[in-house]
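Student: There's a structure below that I have some questions on.
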Amino acid sequence: MAAYDPDNIFAKILRGEIPSTRVYEDDDTLAFMDIMPRSDGHLLVIPKTPCRNLLDATPEQLAVVMSTTQKLAKAVVKAFNADGVTVQQFNEAAGGQEVFHLHFHVLPRFEGVSLRAPGQMGDFDLIAQHAEKIKASLA
Ligand code: AMP
């Protein structure tokens, strides 16, 4: 497996070098909105320390990121009155991973509503509105 690349896009988000719409942060993890949301409220949870994915993460990194993923899953269900939530996580290009810093997708789900196709840029105003709803439900 390739080494961790400190110039991957999520590392740049962590360092504040590129913008993101943050919804939650603690000492160990960050949650921010996905710019190509496959459902309203689609967000990503990452550890603050470097690892590519599930294959090189330490148990400690997995523990903190999973704890925050559960917190955000509950928050999006509350924020959007969702019927459910999908959590996705991909490992290496062959496994569907595009950004090589460990992340978990959190996707609010509604009965009868399919996920949107991947790769479609979202509306930034709408994403910002959704982020505010999530932050309010965490408060
Ligand atoms: P994957 O590595 O396949 O789990 O997918 C990476 C995810 O990161 C995709 O859902 C992208 O829409 C998302 N993404 C890529 N660049 C950014 C960015 N700058 N800010 C927020 N999300 C991003």
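So you can find residues: chains in the structure tokens are A, B, ... in the order shown, residues in each start at 1, and ligands are numbered from 1 in order.
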Pick out the residues no farther than 7 Å from ligand 1, counting only C-alpha atoms and all ligand atoms, and list them as a tab-separated table (two decimals) with N, CA, C and O atoms, in the first residue's frame.
Tutor:
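The result, stored in selection.tsv:
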```tsv
chain	number	residue	atom	x	y	z
A	9	ILE	N	-6.29	16.07	-0.08
A	9	ILE	CA	-7.21	17.21	0.08
A	9	ILE	C	-7.77	17.32	1.51
A	9	ILE	O	-7.99	18.43	2.01
A	20	SER	N	-13.68	24.48	3.94
A	20	SER	CA	-14.63	23.38	4.14
A	20	SER	C	-15.76	23.92	4.99
A	20	SER	O	-15.62	24.95	5.66
A	32	PHE	N	-17.20	17.44	8.36
A	32	PHE	CA	-17.50	18.54	7.44
A	32	PHE	C	-18.36	18.01	6.31
A	32	PHE	O	-18.42	16.80	6.05
A	33	MET	N	-19.02	18.96	5.62
A	33	MET	CA	-19.97	18.58	4.58
A	33	MET	C	-19.24	18.10	3.32
A	33	MET	O	-18.22	18.67	2.91
A	34	ASP	N	-19.80	17.07	2.69
A	34	ASP	CA	-19.29	16.59	1.39
A	34	ASP	C	-19.75	17.59	0.31
A	34	ASP	O	-20.91	18.00	0.29
A	35	ILE	N	-18.83	17.99	-0.56
A	35	ILE	CA	-19.18	18.98	-1.59
A	35	ILE	C	-19.97	18.37	-2.75
A	35	ILE	O	-20.49	19.12	-3.58
A	36	MET	N	-20.02	17.05	-2.78
A	36	MET	CA	-20.83	16.39	-3.83
A	36	MET	C	-21.82	15.47	-3.13
A	36	MET	O	-21.70	14.22	-3.18
A	37	PRO	N	-22.80	16.08	-2.45
A	37	PRO	CA	-23.66	15.29	-1.57
A	37	PRO	C	-24.54	14.31	-2.33
A	37	PRO	O	-25.22	14.68	-3.27
A	89	GLN	N	-17.64	3.60	3.81
A	89	GLN	CA	-16.20	3.81	3.99
A	89	GLN	C	-15.48	2.94	2.96
A	89	GLN	O	-15.74	1.75	2.87
A	90	PHE	N	-14.58	3.54	2.17
A	90	PHE	CA	-13.93	2.85	1.05
A	90	PHE	C	-12.41	2.76	1.29
A	90	PHE	O	-11.83	3.68	1.88
A	96	GLY	N	-12.88	1.73	-4.16
A	96	GLY	CA	-13.75	2.89	-4.37
A	96	GLY	C	-13.27	4.17	-3.70
A	96	GLY	O	-13.95	5.19	-3.75
A	97	GLN	N	-12.08	4.14	-3.07
A	97	GLN	CA	-11.57	5.33	-2.36
A	97	GLN	C	-10.96	6.32	-3.35
A	97	GLN	O	-10.20	5.92	-4.25
A	98	GLU	N	-11.28	7.59	-3.17
A	98	GLU	CA	-10.73	8.65	-4.03
A	98	GLU	C	-9.82	9.60	-3.27
A	98	GLU	O	-8.90	10.17	-3.84
A	99	VAL	N	-10.10	9.81	-1.99
A	99	VAL	CA	-9.27	10.68	-1.16
A	99	VAL	C	-8.64	9.80	-0.07
A	99	VAL	O	-9.35	9.14	0.69
A	100	PHE	N	-7.30	9.86	-0.01
A	100	PHE	CA	-6.58	8.87	0.80
A	100	PHE	C	-6.21	9.40	2.18
A	100	PHE	O	-5.04	9.41	2.57
A	103	HIS	N	-11.83	8.30	5.99
A	103	HIS	CA	-13.07	9.04	6.21
A	103	HIS	C	-14.27	8.12	6.16
A	103	HIS	O	-14.27	7.12	5.44
A	105	HIS	N	-18.37	8.31	5.40
A	105	HIS	CA	-19.50	9.07	4.87
A	105	HIS	C	-20.70	8.83	5.79
A	105	HIS	O	-20.98	7.69	6.15
A	119	GLY	N	-20.38	12.23	-7.79
A	119	GLY	CA	-19.63	13.13	-8.67
A	119	GLY	C	-20.37	14.36	-9.13
A	119	GLY	O	-19.90	15.05	-10.04
```
Student: Would you kindly return, as JSON, numbers by chain, each protein, DNA or RNA residue with an atom no farther than 8 Å from any atom of Val85 in chain A, considering only C-alpha atoms and excluding same-chain residues fewer than 2 positions away?
Tutor: {"A": [73, 76, 77, 82, 83, 87, 106, 107, 108, 109]}
Student: Check the smallest atom-to-atom distance from each of A:Glu17, A:Ala79, A:Glu60, A:Gly41 to Ser137 in chain A using only C-alpha atoms, then report the winner.
Tutor: A:Ala79
Student: Identify which of the residues A:Met121, A:Leu54, A:Met66, A:Leu72 lies closest to Tyr24 in chain A, counting only C-alpha atoms when measuring atom-to-atom distances.
Tutor: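 For Tyr24 in chain A, the nearest of the candidates is A:Leu72.
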Student: Please provide as a compact mmCIF listing (two decimals) with N, CA, C and O atoms, in the first residue's frame all residues within 12 Å of Ala57 in chain A, with the sequence filter that same-chain residues fewer than 2 positions apart are discarded (counting only C-alpha atoms).
Tutor:
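File produced: result-v1.txt:
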```
# COMPACT_ATOMS: atom_id res chain seq x y z
N TYR A 4 1.07 7.34 3.28
CA TYR A 4 0.16 8.47 3.47
C TYR A 4 0.74 9.71 2.79
O TYR A 4 1.93 10.03 2.97
N ILE A 46 -13.50 12.50 9.78
CA ILE A 46 -12.10 12.11 9.61
C ILE A 46 -11.35 12.22 10.95
O ILE A 46 -11.70 13.06 11.79
N PRO A 47 -10.31 11.39 11.11
CA PRO A 47 -9.42 11.60 12.26
C PRO A 47 -8.47 12.75 11.95
O PRO A 47 -8.16 13.01 10.78
N LYS A 48 -7.99 13.41 12.98
CA LYS A 48 -7.04 14.52 12.76
C LYS A 48 -5.62 14.02 12.51
O LYS A 48 -4.79 14.77 11.99
N THR A 49 -5.36 12.79 12.89
CA THR A 49 -4.03 12.23 12.67
C THR A 49 -4.01 11.44 11.36
O THR A 49 -5.06 10.98 10.89
N PRO A 50 -2.82 11.33 10.73
CA PRO A 50 -2.76 10.76 9.39
C PRO A 50 -2.92 9.25 9.32
O PRO A 50 -2.29 8.52 10.09
N CYS A 51 -3.77 8.80 8.42
CA CYS A 51 -3.81 7.40 7.98
C CYS A 51 -4.62 7.37 6.69
O CYS A 51 -5.47 8.23 6.47
N ARG A 52 -4.32 6.41 5.83
CA ARG A 52 -4.99 6.36 4.51
C ARG A 52 -6.42 5.85 4.63
O ARG A 52 -7.33 6.37 4.02
N ASN A 53 -6.58 4.78 5.42
CA ASN A 53 -7.90 4.12 5.46
C ASN A 53 -7.90 3.05 6.54
O ASN A 53 -6.99 3.01 7.39
N LEU A 54 -8.88 2.17 6.47
CA LEU A 54 -9.05 1.10 7.47
C LEU A 54 -7.83 0.18 7.55
O LEU A 54 -7.57 -0.44 8.57
N LEU A 55 -7.05 0.11 6.46
CA LEU A 55 -5.97 -0.87 6.38
C LEU A 55 -4.71 -0.44 7.12
O LEU A 55 -3.88 -1.27 7.45
N PRO A 59 -6.10 1.13 16.08
CA PRO A 59 -7.36 0.96 16.82
C PRO A 59 -7.81 2.27 17.48
O PRO A 59 -9.01 2.55 17.54
N GLU A 60 -6.85 3.08 17.90
CA GLU A 60 -7.20 4.36 18.54
C GLU A 60 -7.82 5.32 17.53
O GLU A 60 -8.80 6.01 17.83
N GLN A 61 -7.25 5.38 16.33
CA GLN A 61 -7.84 6.25 15.29
C GLN A 61 -9.25 5.78 14.93
O GLN A 61 -10.16 6.59 14.77
N LEU A 62 -9.42 4.47 14.82
CA LEU A 62 -10.74 3.94 14.49
C LEU A 62 -11.73 4.24 15.61
O LEU A 62 -12.89 4.58 15.35
N ALA A 63 -11.28 4.11 16.84
CA ALA A 63 -12.19 4.34 17.98
C ALA A 63 -12.70 5.77 17.99
O ALA A 63 -13.90 6.02 18.14
N VAL A 64 -11.81 6.74 17.80
CA VAL A 64 -12.25 8.14 17.88
C VAL A 64 -13.14 8.51 16.68
O VAL A 64 -14.14 9.22 16.82
N VAL A 65 -12.76 8.01 15.50
CA VAL A 65 -13.53 8.38 14.31
C VAL A 65 -14.91 7.70 14.34
O VAL A 65 -15.91 8.28 13.91
N MET A 66 -14.97 6.49 14.88
CA MET A 66 -16.27 5.82 14.94
C MET A 66 -17.18 6.46 15.99
O MET A 66 -18.39 6.58 15.78
N ASN A 91 -11.80 1.70 0.78
CA ASN A 91 -10.39 1.46 1.05
C ASN A 91 -9.60 1.17 -0.23
O ASN A 91 -9.81 0.15 -0.87
N PHE A 100 -7.30 9.86 -0.01
CA PHE A 100 -6.58 8.87 0.80
C PHE A 100 -6.21 9.40 2.18
O PHE A 100 -5.04 9.41 2.57
N HIS A 101 -7.24 9.84 2.89
CA HIS A 101 -7.19 10.11 4.33
C HIS A 101 -8.45 9.47 4.87
O HIS A 101 -9.55 9.77 4.38
N LEU A 102 -8.32 8.60 5.86
CA LEU A 102 -9.47 7.83 6.36
C LEU A 102 -10.70 8.72 6.54
O LEU A 102 -10.61 9.78 7.17
N HIS A 103 -11.83 8.30 5.99
CA HIS A 103 -13.07 9.04 6.21
C HIS A 103 -14.27 8.12 6.16
O HIS A 103 -14.27 7.12 5.44
```
Student: Would you mind reading off the distance between CA of Leu138 in chain A and CA of Pro19 in chain A, one decimal, in Å?
Tutor: 21.6 Å
Student: Report, in Å with one decimal, the straight-line distance from CA of Val113 in chain A to CA of Ser39 in chain A.
Tutor: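 Between these atoms lies a distance of 9.0 Å.
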Student: Among chain A, which residues does DSSP mark as alpha helix (DSSP H) when it is run on the backbone? Keep the chain and numbering as in the structure and answer as a ChimeraX atom specification.
Tutor: /A:9-14,59-80,124-138
Student: List every residue of chain A that DSSP, applied to the backbone of this structure, assigns to strand (DSSP E or B), and report them as a list in words.
Tutor: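 After running DSSP on the backbone, chain A has strand (DSSP E or B) at Arg22, Val23, Tyr24, Glu25, Thr29, Leu30, Ala31, Phe32, Met33, Leu43, Leu44, Val45, Ile46, Pro47, Gly84, Val85, Thr86, Val87, Gln88, Phe104, His105, Val106, Leu107, Pro108 and Arg109 of chain A.
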Student: To one decimal place in Å, what is the distance between CA of Ala31 in chain A and CA of Leu43 in chain A?
Tutor: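 Between CA of Ala31 in chain A and CA of Leu43 in chain A the gap works out to 6.8 Å.
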